[in-house]
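Dumped coords11.cif below, it's mmCIF, C-alpha atoms and all ligand atoms:
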data_input
loop_
_atom_site.label_atom_id
_atom_site.label_comp_id
_atom_site.auth_asym_id
_atom_site.auth_seq_id
_atom_site.Cartn_x
_atom_site.Cartn_y
_atom_site.Cartn_z
CA MET A 187 31.09 -31.14 10.67
CA LYS A 188 27.71 -30.59 12.28
CA ASN A 189 27.68 -29.46 15.89
CA ARG A 190 27.83 -32.26 18.46
CA ILE A 191 24.58 -33.37 20.12
CA TRP A 192 25.35 -34.88 23.52
CA LEU A 193 23.42 -37.48 25.46
CA SER A 194 22.88 -35.44 28.62
CA LEU A 195 24.83 -32.28 29.35
CA ALA A 196 24.73 -30.33 32.59
CA HIS A 197 23.17 -26.91 32.34
CA MET A 198 23.58 -24.11 34.85
CA GLY A 199 20.56 -22.09 35.89
CA GLY A 200 22.34 -18.80 36.55
CA ARG A 201 22.53 -18.45 40.33
CA GLU A 202 25.19 -21.10 40.98
CA GLN A 203 28.11 -18.63 40.81
CA GLU A 204 26.39 -16.32 43.26
CA PHE A 205 26.30 -19.04 45.93
CA ILE A 206 29.89 -20.08 45.21
CA GLN A 207 31.03 -16.45 45.47
CA GLU A 208 29.22 -16.18 48.79
CA ALA A 209 31.14 -19.25 50.03
CA PHE A 210 34.44 -17.60 49.06
CA ASP A 211 33.49 -14.22 50.51
CA THR A 212 32.54 -15.76 53.86
CA ASN A 213 35.47 -18.22 53.81
CA TRP A 214 33.22 -21.31 53.91
CA VAL A 215 35.47 -23.27 51.52
CA VAL A 216 35.06 -26.52 53.49
CA PRO A 217 32.85 -29.64 53.55
CA LEU A 218 30.16 -27.97 55.64
CA GLY A 219 28.52 -24.57 55.74
CA PRO A 220 25.52 -22.45 54.73
CA ASN A 221 25.28 -23.79 51.16
CA VAL A 222 25.28 -27.41 52.39
CA ASN A 223 22.53 -26.66 54.92
CA ALA A 224 20.44 -24.68 52.42
CA PHE A 225 20.84 -27.32 49.70
CA GLU A 226 19.73 -30.08 52.09
CA LYS A 227 16.70 -28.06 53.11
CA ALA A 228 15.77 -27.31 49.49
CA LEU A 229 16.02 -31.01 48.62
CA ARG A 230 13.92 -32.00 51.61
CA ASP A 231 11.26 -29.43 50.70
CA PHE A 232 11.28 -30.67 47.12
CA LEU A 233 10.94 -34.34 48.08
CA ILE A 234 8.38 -34.17 50.86
CA GLY A 235 7.19 -30.60 51.17
CA ASN A 236 4.46 -30.95 48.56
CA GLY A 237 1.55 -31.40 50.92
CA LYS A 238 0.98 -34.95 49.72
CA LEU A 239 3.41 -36.48 52.13
CA LYS A 240 2.41 -39.29 54.37
CA VAL A 241 2.90 -39.10 58.12
CA GLU A 242 5.70 -41.66 57.96
CA ASN A 243 7.66 -39.26 55.77
CA GLU A 244 7.61 -36.28 58.09
CA GLY A 245 10.78 -37.18 59.96
CA LYS A 246 12.84 -37.68 56.82
CA GLN A 247 16.10 -35.75 56.54
CA VAL A 248 18.49 -35.29 53.64
CA VAL A 249 22.28 -35.53 54.10
CA ALA A 250 24.41 -34.09 51.27
CA LEU A 251 27.40 -36.25 50.32
CA SER A 252 30.30 -36.39 47.90
CA ALA A 253 28.55 -38.86 45.54
CA GLY A 254 25.49 -41.00 44.99
CA THR A 255 27.74 -44.02 45.40
CA ALA A 256 28.74 -42.74 48.86
CA ALA A 257 25.03 -42.40 49.70
CA LEU A 258 24.37 -46.02 48.74
CA HIS A 259 27.41 -47.14 50.74
CA LEU A 260 26.33 -45.25 53.87
CA GLY A 261 22.78 -46.56 53.45
CA LEU A 262 24.08 -50.11 53.58
CA ILE A 263 26.25 -49.33 56.61
CA LEU A 264 23.29 -47.81 58.45
CA LEU A 265 21.23 -50.90 57.62
CA GLY A 266 23.93 -53.00 59.27
CA VAL A 267 25.06 -54.80 56.10
CA GLY A 268 28.41 -56.48 56.66
CA GLU A 269 30.73 -59.35 55.84
CA GLY A 270 28.90 -62.46 54.67
CA ASP A 271 25.48 -60.82 54.27
CA GLU A 272 23.49 -60.93 51.05
CA VAL A 273 21.83 -57.88 49.50
CA ILE A 274 19.30 -58.08 46.68
CA CYS A 275 19.98 -55.60 43.87
CA GLN A 276 18.33 -54.88 40.55
CA SER A 277 20.55 -56.38 37.85
CA PHE A 278 19.57 -53.86 35.16
CA THR A 279 21.42 -50.79 36.45
CA PHE A 280 24.69 -48.87 36.61
CA SER A 281 27.49 -50.59 38.55
CA ALA A 282 27.32 -47.96 41.31
CA SER A 283 24.11 -49.59 42.60
CA ALA A 284 25.97 -52.82 43.31
CA ASN A 285 29.58 -51.86 44.10
CA PRO A 286 28.84 -50.63 47.66
CA ILE A 287 27.52 -54.12 48.50
CA ALA A 288 30.99 -55.43 47.70
CA TYR A 289 32.64 -52.59 49.69
CA GLN A 290 30.89 -54.05 52.74
CA GLY A 291 32.16 -57.57 52.08
CA ALA A 292 28.57 -58.64 51.33
CA THR A 293 27.32 -60.55 48.28
CA PRO A 294 24.95 -59.02 45.73
CA VAL A 295 22.03 -61.18 44.64
CA PHE A 296 20.80 -59.88 41.29
CA VAL A 297 17.14 -59.80 40.31
CA ASP A 298 15.90 -59.20 36.76
CA SER A 299 13.40 -56.59 35.56
CA GLU A 300 9.78 -56.67 34.40
CA GLU A 301 8.73 -55.37 30.97
CA ASP A 302 6.50 -52.48 32.03
CA THR A 303 9.00 -50.21 33.83
CA TRP A 304 12.27 -52.10 33.17
CA ASN A 305 12.80 -52.17 36.94
CA MET A 306 12.95 -54.90 39.60
CA ASP A 307 10.39 -57.65 38.98
CA PRO A 308 8.44 -58.08 42.24
CA VAL A 309 7.58 -61.70 41.43
CA LEU A 310 11.22 -62.62 40.87
CA LEU A 311 12.12 -60.64 43.98
CA GLU A 312 9.98 -62.92 46.10
CA GLU A 313 11.35 -66.01 44.36
CA ALA A 314 14.87 -64.82 45.11
CA ILE A 315 14.11 -64.17 48.78
CA LYS A 316 12.56 -67.63 49.21
CA ASP A 317 15.41 -69.34 47.43
CA ARG A 318 18.09 -67.51 49.41
CA LEU A 319 16.35 -68.45 52.64
CA GLU A 320 16.24 -72.08 51.56
CA LYS A 321 19.85 -72.15 50.37
CA THR A 322 21.54 -70.10 53.10
CA GLY A 323 19.10 -70.30 56.00
CA ARG A 324 19.08 -66.49 56.16
CA LEU A 325 17.15 -63.63 54.64
CA PRO A 326 18.91 -61.00 52.50
CA LYS A 327 19.80 -57.96 54.62
CA ALA A 328 18.47 -55.29 52.23
CA ILE A 329 16.84 -54.73 48.84
CA ILE A 330 18.09 -52.14 46.31
CA PRO A 331 15.50 -51.34 43.64
CA VAL A 332 16.40 -48.73 41.00
CA HIS A 333 14.25 -46.24 39.07
CA LEU A 334 16.08 -46.68 35.80
CA TYR A 335 16.24 -43.68 33.44
CA GLY A 336 13.89 -41.94 35.86
CA MET A 337 11.07 -44.48 35.52
CA PRO A 338 9.60 -45.40 38.91
CA GLY A 339 9.61 -49.13 39.63
CA LYS A 340 6.52 -51.05 40.78
CA LEU A 341 6.88 -49.71 44.29
CA ASP A 342 3.64 -51.00 45.84
CA GLU A 343 4.47 -54.55 44.85
CA ILE A 344 8.16 -54.32 45.77
CA LEU A 345 7.42 -52.75 49.16
CA GLU A 346 4.71 -55.32 49.82
CA VAL A 347 7.13 -58.22 49.29
CA ALA A 348 9.90 -56.47 51.25
CA GLY A 349 7.48 -55.75 54.10
CA ARG A 350 6.21 -59.31 54.25
CA TYR A 351 9.76 -60.56 54.85
CA ASN A 352 10.67 -57.52 56.92
CA ILE A 353 13.63 -56.62 54.69
CA PRO A 354 14.49 -52.89 54.47
CA VAL A 355 14.55 -51.16 51.08
CA LEU A 356 17.37 -48.85 50.01
CA GLU A 357 16.00 -46.97 47.02
CA ASP A 358 18.48 -46.08 44.27
CA SER A 359 16.88 -42.85 43.12
CA ALA A 360 20.05 -41.52 41.46
CA GLU A 361 18.33 -41.08 38.10
CA ALA A 362 14.86 -40.25 39.40
CA LEU A 363 14.94 -36.82 41.01
CA GLY A 364 11.52 -35.33 40.23
CA SER A 365 9.89 -38.63 39.28
CA GLU A 366 6.71 -39.62 41.13
CA TYR A 367 4.82 -42.77 41.95
CA LYS A 368 1.17 -42.30 42.90
CA GLY A 369 1.79 -38.59 43.45
CA ARG A 370 4.70 -39.12 45.82
CA LYS A 371 8.32 -38.35 44.93
CA CYS A 372 10.77 -41.17 44.23
CA GLY A 373 13.38 -41.16 46.99
CA THR A 374 10.76 -41.14 49.77
CA PHE A 375 9.69 -44.79 49.58
CA GLY A 376 12.65 -46.74 50.93
CA VAL A 377 13.88 -46.68 54.52
CA TYR A 378 16.82 -44.93 52.90
CA ALA A 379 17.23 -43.50 49.40
CA ALA A 380 20.24 -42.36 47.39
CA LEU A 381 20.28 -39.35 45.05
CA SER A 382 23.06 -38.39 42.62
CA PHE A 383 24.19 -34.99 41.37
CA ASN A 384 26.82 -36.22 38.97
CA GLY A 385 27.43 -34.13 35.85
CA ASN A 386 24.93 -35.96 33.66
CA LYS A 387 22.05 -36.37 36.14
CA ILE A 388 18.89 -34.26 36.48
CA ILE A 389 20.76 -31.62 38.47
CA THR A 390 24.47 -31.48 39.17
CA THR A 391 26.85 -30.26 41.85
CA SER A 392 29.74 -31.16 39.48
CA GLY A 393 29.85 -34.38 41.51
CA GLY A 394 27.79 -35.23 44.56
CA GLY A 395 24.94 -37.15 46.08
CA ALA A 396 22.60 -37.31 49.04
CA LEU A 397 21.16 -39.87 51.40
CA VAL A 398 17.51 -39.52 52.35
CA CYS A 399 17.24 -40.78 55.95
CA PRO A 400 14.12 -41.82 57.91
CA SER A 401 14.78 -39.62 60.96
CA GLU A 402 16.94 -36.90 62.44
CA GLU A 403 18.73 -39.51 64.53
CA ARG A 404 19.58 -41.62 61.45
CA ALA A 405 20.71 -38.51 59.55
CA LYS A 406 23.09 -37.67 62.42
CA ARG A 407 24.44 -41.20 62.21
CA ALA A 408 24.96 -40.83 58.44
CA LEU A 409 26.80 -37.57 59.07
CA PHE A 410 28.95 -39.26 61.71
CA TYR A 411 30.13 -41.93 59.25
CA ALA A 412 30.49 -39.37 56.44
CA THR A 413 32.90 -37.27 58.51
CA GLN A 414 35.43 -39.90 59.66
CA ALA A 415 33.36 -41.31 62.56
CA ARG A 416 34.78 -38.93 65.10
CA GLU A 417 33.47 -39.54 68.64
CA GLN A 418 32.62 -36.70 71.00
CA ALA A 419 35.92 -35.75 72.63
CA PRO A 420 38.33 -32.80 72.52
CA HIS A 421 40.93 -35.03 70.84
CA TYR A 422 40.31 -37.28 67.83
CA GLN A 423 38.66 -40.41 69.22
CA HIS A 424 37.56 -43.25 66.89
CA GLU A 425 35.53 -46.34 67.71
CA LYS A 426 34.19 -47.04 64.19
CA ILE A 427 35.65 -46.97 60.69
CA GLY A 428 34.68 -43.65 59.11
CA TYR A 429 34.60 -42.14 55.62
CA ASN A 430 35.28 -38.78 54.02
CA TYR A 431 31.95 -38.52 52.22
CA ARG A 432 30.59 -35.06 53.07
CA MET A 433 29.66 -32.62 50.30
CA SER A 434 31.77 -29.47 50.10
CA ASN A 435 30.19 -26.07 50.59
CA ILE A 436 31.36 -25.10 47.07
CA CYS A 437 29.61 -28.04 45.40
CA ALA A 438 26.51 -27.37 47.49
CA GLY A 439 26.52 -23.80 46.12
CA ILE A 440 26.12 -25.24 42.62
CA GLY A 441 23.35 -27.51 43.94
CA ARG A 442 21.53 -24.59 45.53
CA GLY A 443 21.56 -22.77 42.21
CA GLN A 444 20.40 -25.87 40.36
CA MET A 445 17.34 -26.19 42.60
CA PHE A 446 15.93 -23.07 40.93
CA VAL A 447 15.87 -24.80 37.54
CA LEU A 448 15.07 -28.36 38.66
CA GLU A 449 11.34 -28.23 37.82
CA GLU A 450 12.06 -26.53 34.51
CA HIS A 451 14.65 -29.15 33.55
CA VAL A 452 12.34 -32.04 34.41
CA ALA A 453 9.55 -30.41 32.39
CA ARG A 454 11.86 -30.02 29.39
CA ARG A 455 13.06 -33.64 29.60
CA ARG A 456 9.43 -34.77 29.57
CA GLU A 457 8.75 -32.50 26.58
CA ILE A 458 11.73 -33.97 24.74
CA HIS A 459 10.43 -37.48 25.42
CA ASP A 460 6.99 -36.54 24.08
CA LEU A 461 8.54 -35.04 20.98
CA TYR A 462 10.49 -38.26 20.31
CA VAL A 463 7.26 -40.23 20.74
CA LYS A 464 5.49 -38.00 18.24
CA LEU A 465 8.27 -37.92 15.65
CA LEU A 466 9.07 -41.65 15.84
CA ASP A 467 5.43 -42.68 15.67
CA GLY A 468 5.00 -44.96 12.68
CA VAL A 469 8.69 -45.80 12.30
CA LYS A 470 8.52 -49.56 11.98
CA GLY A 471 10.30 -51.62 14.64
CA VAL A 472 11.32 -48.59 16.71
CA LYS A 473 9.56 -48.09 20.05
CA VAL A 474 10.02 -45.30 22.56
CA MET A 475 9.93 -46.49 26.19
CA CYS A 476 6.86 -44.95 27.86
CA GLN A 477 5.55 -45.09 31.41
CA PRO A 478 2.63 -47.45 32.11
CA GLU A 479 -0.76 -45.81 31.55
CA GLY A 480 -3.14 -44.98 34.35
CA GLY A 481 -1.34 -42.12 36.06
CA ASP A 482 0.51 -44.00 38.83
CA PHE A 483 3.88 -43.58 37.13
CA ASN A 484 5.29 -40.15 36.40
CA SER A 485 8.83 -40.46 35.04
CA ASN A 486 11.22 -37.50 34.86
CA TYR A 487 12.38 -39.07 31.57
CA TRP A 488 16.00 -38.43 32.51
CA LEU A 489 16.92 -40.23 29.28
CA THR A 490 14.54 -41.14 26.47
CA CYS A 491 15.18 -44.76 25.45
CA ILE A 492 14.15 -46.69 22.36
CA THR A 493 14.13 -50.36 21.48
CA VAL A 494 14.80 -51.57 17.96
CA ASP A 495 13.25 -54.80 16.71
CA PRO A 496 15.70 -55.75 13.93
CA GLU A 497 13.22 -58.02 12.10
CA GLU A 498 10.55 -55.36 11.90
CA ALA A 499 12.85 -52.35 11.44
CA GLY A 500 15.30 -53.88 8.97
CA PHE A 501 18.20 -52.47 11.01
CA THR A 502 19.66 -53.09 14.47
CA ARG A 503 20.20 -50.96 17.55
CA GLU A 504 23.89 -50.88 16.67
CA ASP A 505 23.08 -49.61 13.16
CA VAL A 506 21.20 -46.73 14.79
CA ARG A 507 24.02 -45.97 17.21
CA LEU A 508 26.65 -45.92 14.44
CA ALA A 509 24.49 -43.81 12.12
CA LEU A 510 23.94 -41.28 14.91
CA ASP A 511 27.65 -41.25 15.67
CA GLY A 512 28.31 -40.59 11.97
CA ASP A 513 26.14 -37.48 12.28
CA ASN A 514 28.05 -36.36 15.40
CA ILE A 515 25.23 -37.40 17.74
CA GLU A 516 25.98 -39.20 21.01
CA SER A 517 23.79 -42.16 22.01
CA ARG A 518 24.43 -45.16 24.25
CA PRO A 519 23.28 -48.76 24.64
CA LEU A 520 21.14 -49.38 27.75
CA TRP A 521 22.98 -50.43 30.94
CA LYS A 522 24.67 -53.81 30.64
CA PRO A 523 23.03 -55.94 33.36
CA MET A 524 25.17 -56.60 36.41
CA HIS A 525 24.76 -60.38 36.17
CA LEU A 526 26.56 -60.20 32.79
CA GLN A 527 29.47 -58.16 34.17
CA PRO A 528 32.66 -60.22 34.62
CA VAL A 529 33.27 -58.61 38.02
CA PHE A 530 29.97 -60.05 39.36
CA LYS A 531 30.03 -63.41 37.55
CA GLU A 532 29.96 -65.39 40.83
CA ALA A 533 26.91 -63.56 42.20
CA PRO A 534 23.55 -65.38 42.35
CA PHE A 535 21.03 -64.20 39.73
CA TYR A 536 17.27 -64.64 39.37
CA GLY A 537 16.35 -63.94 35.76
CA ASN A 538 13.65 -63.96 33.14
CA GLY A 539 15.61 -62.72 30.10
CA THR A 540 14.23 -59.15 30.17
CA SER A 541 17.38 -57.15 30.93
CA GLU A 542 19.53 -59.25 28.56
CA ARG A 543 17.09 -58.65 25.73
CA LEU A 544 16.83 -54.92 26.47
CA PHE A 545 20.62 -54.65 26.54
CA GLU A 546 20.65 -56.16 23.02
CA ILE A 547 17.99 -53.94 21.48
CA GLY A 548 17.88 -50.74 23.55
CA LEU A 549 19.45 -47.32 23.04
CA CYS A 550 19.46 -44.05 25.03
CA LEU A 551 18.90 -40.95 22.91
CA PRO A 552 20.10 -37.38 23.57
CA SER A 553 17.81 -35.95 26.26
CA GLY A 554 19.55 -32.96 27.91
CA PRO A 555 17.29 -30.04 28.84
CA MET A 556 19.06 -27.59 26.53
CA LEU A 557 18.45 -29.58 23.35
CA THR A 558 16.28 -27.72 20.87
CA ASP A 559 13.35 -29.21 18.99
CA GLN A 560 15.56 -28.95 15.88
CA ASP A 561 18.21 -31.10 17.61
CA ILE A 562 15.58 -33.77 18.29
CA GLU A 563 14.38 -33.57 14.68
CA ARG A 564 17.98 -34.09 13.53
CA VAL A 565 18.27 -37.23 15.70
CA VAL A 566 15.00 -38.62 14.40
CA LYS A 567 15.90 -37.88 10.78
CA VAL A 568 19.03 -40.05 11.08
CA ILE A 569 16.87 -42.94 12.33
CA CYS A 570 14.23 -42.42 9.64
CA ASP A 571 16.91 -42.37 6.91
CA LEU A 572 18.21 -45.82 7.85
C1 LIG A 601 24.71 -42.17 38.74
C2 LIG A 601 24.20 -43.35 39.41
C3 LIG A 601 24.68 -43.75 40.68
C4 LIG A 601 25.89 -43.16 41.34
O1 LIG A 601 25.91 -41.83 41.55
P1 LIG A 601 27.32 -41.03 41.59
O2 LIG A 601 26.89 -39.70 42.11
O3 LIG A 601 27.84 -40.99 40.20
O4 LIG A 601 28.22 -41.75 42.53
C5 LIG A 601 24.07 -44.83 41.30
N1 LIG A 601 23.07 -45.49 40.72
C6 LIG A 601 22.60 -45.16 39.51
C7 LIG A 601 21.46 -45.94 38.94
C8 LIG A 601 23.15 -44.09 38.81
O5 LIG A 601 22.70 -43.79 37.59
#

Is it possible to give me this structure as structure tokens?
Ligand SMILES: *Cc1c(COP(=O)(O)O)cnc(C)c1O
Amino acid sequence: MKNRIWLSLAHMGGREQEFIQEAFDTNWVVPLGPNVNAFEKALRDFLIGNGKLKVENEGKQVVALSAGTAALHLGLILLGVGEGDEVICQSFTFSASANPIAYQGATPVFVDSEEDTWNMDPVLLEEAIKDRLEKTGRLPKAIIPVHLYGMPGKLDEILEVAGRYNIPVLEDSAEALGSEYKGRKCGTFGVYAALSFNGNKIITTSGGGALVCPSEERAKRALFYATQAREQAPHYQHEKIGYNYRMSNICAGIGRGQMFVLEEHVARRREIHDLYVKLLDGVKGVKVMCQPEGGDFNSNYWLTCITVDPEEAGFTREDVRLALDGDNIESRPLWKPMHLQPVFKEAPFYGNGTSERLFEIGLCLPSGPMLTDQDIERVVKVICDL
């Protein structure tokens, strides 16, 4: 049997163990400590310390948490989302974008994607807002756009619509660490933004996430909710419902080490994408998803995705997936849209057919930073031999 080629494996940079050892040696084996502080600072520097930051970004602070899902949940809490509210969410995404809306007793309103970036369609977004206002007499409380597979959404247009109705944006940047829109890092556009460091993301802390907050004061509030909402008192005093969402100092040690290889890993993922584009060029009916031209969009290409037109190709997406599996290569259909998920079948949906079609014909290919060019050639050969 040939060696297994995985979709997206974590890869350690080399210094992770050093920071973990330091945590043990200094007895910081708790959900706070020097690694947590240093990791937050490194993330903040990475996101906004590039000299291109706008004035409105200067106050932003990063709070390290136990998961990206926790970051999205706290973002909604800090935006005041509660029972009976509606929150607009991109339908074409992983369930973790939408679940925290339900945690708050609010209703997700799903909006379909546009063709260019596969992310939230700004035209449909406005239609949804208008229709919700007409039907419920109230505006949605927040908007959650996603940068799917690392591709930045149409942020200018989305933010323009959100701004016109004065609805805050909570950016789901879980897959987009290192991606840029108009020279500015994804995760700095929304009032809040969520990052993920799950095992298969751009960098990992074995499991973890972070919330990018607009100010020091808001970051303190996030921290308050993430550490059981303990009021200032010598005893344990509680006036709000709290959560146990803080990142541990051990996990943050891994994250600190990963920051040294972040740029390298993003560069390699982009290289892998370009190699797929080159090698699949001319294969009939198979298209590699590419960022819109013109330089505004700079994807980290977390995962390289293809679409298969069965008429033109003579085979289907599922034929490709099974053939790859037969060669011990992992691949995966694109995210199944949330409006098609049984758990969200009652939720309102504003659609145009894009995400349903992409779910039918799309496939994620192996894209981890440690894949060799030969691995990519092996993947492509299986597709070409169909
Ligand atoms: C991974 C992911 C999340 C959740 O992050 P976790 O750290 O796994 O909780 C949220 N949204 C999207 C789009 C993701 O891919």

Report task. Give as a PyMOL selection string the set of residues within 12 Å of the point (28.8, -38.1, 58.8), where distances use the file's coordinates and only C-alpha atoms. Result -> chain A and resi 217-218+248-252+256-257+260-261+263-264+396-397+403-417+426-433

Considering only C-alpha atoms, give me a table of residues in range 378-460 of chain A that are at most 8 Å from range 551-569 of chain A, with the closest atom pair and distance in Å for each, as a Markdown table.
| residue | atom | partner | partner_atom | distance |
| --- | --- | --- | --- | --- |
| A:His451 | CA | A:Pro555 | CA | 5.5 |
| A:Val452 | CA | A:Pro555 | CA | 7.7 |
| A:Arg454 | CA | A:Pro555 | CA | 5.5 |
| A:Arg455 | CA | A:Pro555 | CA | 5.6 |
| A:Ile458 | CA | A:Ser553 | CA | 6.6 |
| A:His459 | CA | A:Ser553 | CA | 7.6 |

Restricting it to C-alpha atoms, dump the selection as a compact mmCIF listing (two decimals), in the frame of the given file.
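To be explicit, this is the file written out as out-v4.txt:
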# COMPACT_ATOMS: atom_id res chain seq x y z
CA HIS A 451 14.65 -29.15 33.55
CA VAL A 452 12.34 -32.04 34.41
CA ARG A 454 11.86 -30.02 29.39
CA ARG A 455 13.06 -33.64 29.60
CA ILE A 458 11.73 -33.97 24.74
CA HIS A 459 10.43 -37.48 25.42

Closest-contact table, chain A side, partner ligand LIG 601 (chain A), 6 Å, counting all atoms listed in the file, as JSON lines:
{"residue": "A:Ala253", "atom": "CA", "partner": "A:LIG601", "partner_atom": "O2", "distance": 3.9}
{"residue": "A:Gly254", "atom": "CA", "partner": "A:LIG601", "partner_atom": "O2", "distance": 3.5}
{"residue": "A:Thr255", "atom": "CA", "partner": "A:LIG601", "partner_atom": "O4", "distance": 3.7}
{"residue": "A:Thr279", "atom": "CA", "partner": "A:LIG601", "partner_atom": "C7", "distance": 5.5}
{"residue": "A:Phe280", "atom": "CA", "partner": "A:LIG601", "partner_atom": "C7", "distance": 4.9}
{"residue": "A:Ala282", "atom": "CA", "partner": "A:LIG601", "partner_atom": "C5", "distance": 4.5}
{"residue": "A:Ser283", "atom": "CA", "partner": "A:LIG601", "partner_atom": "N1", "distance": 4.6}
{"residue": "A:Asp358", "atom": "CA", "partner": "A:LIG601", "partner_atom": "N1", "distance": 5.8}
{"residue": "A:Ala360", "atom": "CA", "partner": "A:LIG601", "partner_atom": "C8", "distance": 4.8}
{"residue": "A:Glu361", "atom": "CA", "partner": "A:LIG601", "partner_atom": "O5", "distance": 5.2}
{"residue": "A:Ser382", "atom": "CA", "partner": "A:LIG601", "partner_atom": "O2", "distance": 4.1}
{"residue": "A:Phe383", "atom": "CA", "partner": "A:LIG601", "partner_atom": "O2", "distance": 5.5}
{"residue": "A:Asn384", "atom": "CA", "partner": "A:LIG601", "partner_atom": "O2", "distance": 4.7}
{"residue": "A:Gly394", "atom": "CA", "partner": "A:LIG601", "partner_atom": "O2", "distance": 5.2}
{"residue": "A:Gly395", "atom": "CA", "partner": "A:LIG601", "partner_atom": "O2", "distance": 5.1}

Put the listed atoms of range 454-470 of chain A in a box along x, y and z with 6 Å added on every side and give me the centre and edge lengths in Å to one decimal, as JSON.
{"center_x": 9.0, "center_y": -39.8, "center_z": 20.8, "size_x": 20.1, "size_y": 31.5, "size_z": 29.6}

Report summary line: The distance between CA of Gln207 in chain A and CA of Ala380 in chain A is 28.1 Å

If we count only C-alpha atoms, what is near range 492-507 of chain A at a cut-off of 7 Å, once residues fewer than 5 positions away on the same chain are taken out, given as a short mmCIF file (atom, residue, chain, number, x, y, z; two decimals) with C-alpha atoms, in the coordinates of the input?
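part03.cif was written with the following content:
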data_model
loop_
_atom_site.label_atom_id
_atom_site.label_comp_id
_atom_site.auth_asym_id
_atom_site.auth_seq_id
_atom_site.Cartn_x
_atom_site.Cartn_y
_atom_site.Cartn_z
CA LYS A 470 8.52 -49.56 11.98
CA GLY A 471 10.30 -51.62 14.64
CA VAL A 472 11.32 -48.59 16.71
CA LYS A 473 9.56 -48.09 20.05
CA VAL A 474 10.02 -45.30 22.56
CA MET A 475 9.93 -46.49 26.19
CA SER A 517 23.79 -42.16 22.01
CA ILE A 547 17.99 -53.94 21.48
CA GLY A 548 17.88 -50.74 23.55
CA LEU A 549 19.45 -47.32 23.04
CA CYS A 550 19.46 -44.05 25.03
CA ILE A 569 16.87 -42.94 12.33
#

**Report entry** Residue contacts of range 327-338 of chain A (7 Å, all atoms listed in the file) excluding same-chain residues fewer than 2 positions away, as a ChimeraX atom specification
**Finding:** /A:267,271-276,279,303,305-306,325,340,353-359,361-362,365-367,372,477,483,485-489

I need range 530-540 of chain A from the structure I supplied, saved as a compact mmCIF listing (two decimals), in the first residue's frame with N, CA, C and O atoms retained.
# COMPACT_ATOMS: atom_id res chain seq x y z
N PHE A 530 -30.76 22.56 11.05
CA PHE A 530 -31.13 23.96 10.80
C PHE A 530 -32.29 24.08 9.81
O PHE A 530 -32.47 25.14 9.18
N LYS A 531 -33.08 23.01 9.65
CA LYS A 531 -34.07 23.03 8.57
C LYS A 531 -35.16 24.10 8.76
O LYS A 531 -35.78 24.52 7.79
N GLU A 532 -35.37 24.56 10.00
CA GLU A 532 -36.39 25.59 10.24
C GLU A 532 -35.88 27.01 10.00
O GLU A 532 -36.65 27.96 9.99
N ALA A 533 -34.56 27.15 9.85
CA ALA A 533 -33.98 28.50 9.78
C ALA A 533 -34.28 29.17 8.44
O ALA A 533 -34.27 28.51 7.40
N PRO A 534 -34.56 30.48 8.44
CA PRO A 534 -34.77 31.19 7.17
C PRO A 534 -33.51 31.13 6.32
O PRO A 534 -32.39 31.10 6.84
N PHE A 535 -33.69 31.12 4.99
CA PHE A 535 -32.56 31.02 4.07
C PHE A 535 -32.81 31.90 2.85
O PHE A 535 -33.91 31.92 2.29
N TYR A 536 -31.78 32.64 2.45
CA TYR A 536 -31.85 33.49 1.25
C TYR A 536 -30.82 32.95 0.26
O TYR A 536 -29.62 33.05 0.50
N GLY A 537 -31.31 32.32 -0.80
CA GLY A 537 -30.41 31.54 -1.66
C GLY A 537 -30.41 31.94 -3.12
O GLY A 537 -31.29 32.65 -3.60
N ASN A 538 -29.40 31.45 -3.82
CA ASN A 538 -29.29 31.64 -5.26
C ASN A 538 -28.78 30.38 -5.95
O ASN A 538 -28.45 30.40 -7.13
N GLY A 539 -28.66 29.27 -5.18
CA GLY A 539 -28.24 28.00 -5.76
C GLY A 539 -26.74 27.74 -5.74
O GLY A 539 -26.29 26.63 -6.02
N THR A 540 -25.93 28.77 -5.42
CA THR A 540 -24.48 28.63 -5.54
C THR A 540 -23.91 27.55 -4.60
O THR A 540 -23.20 26.65 -5.04
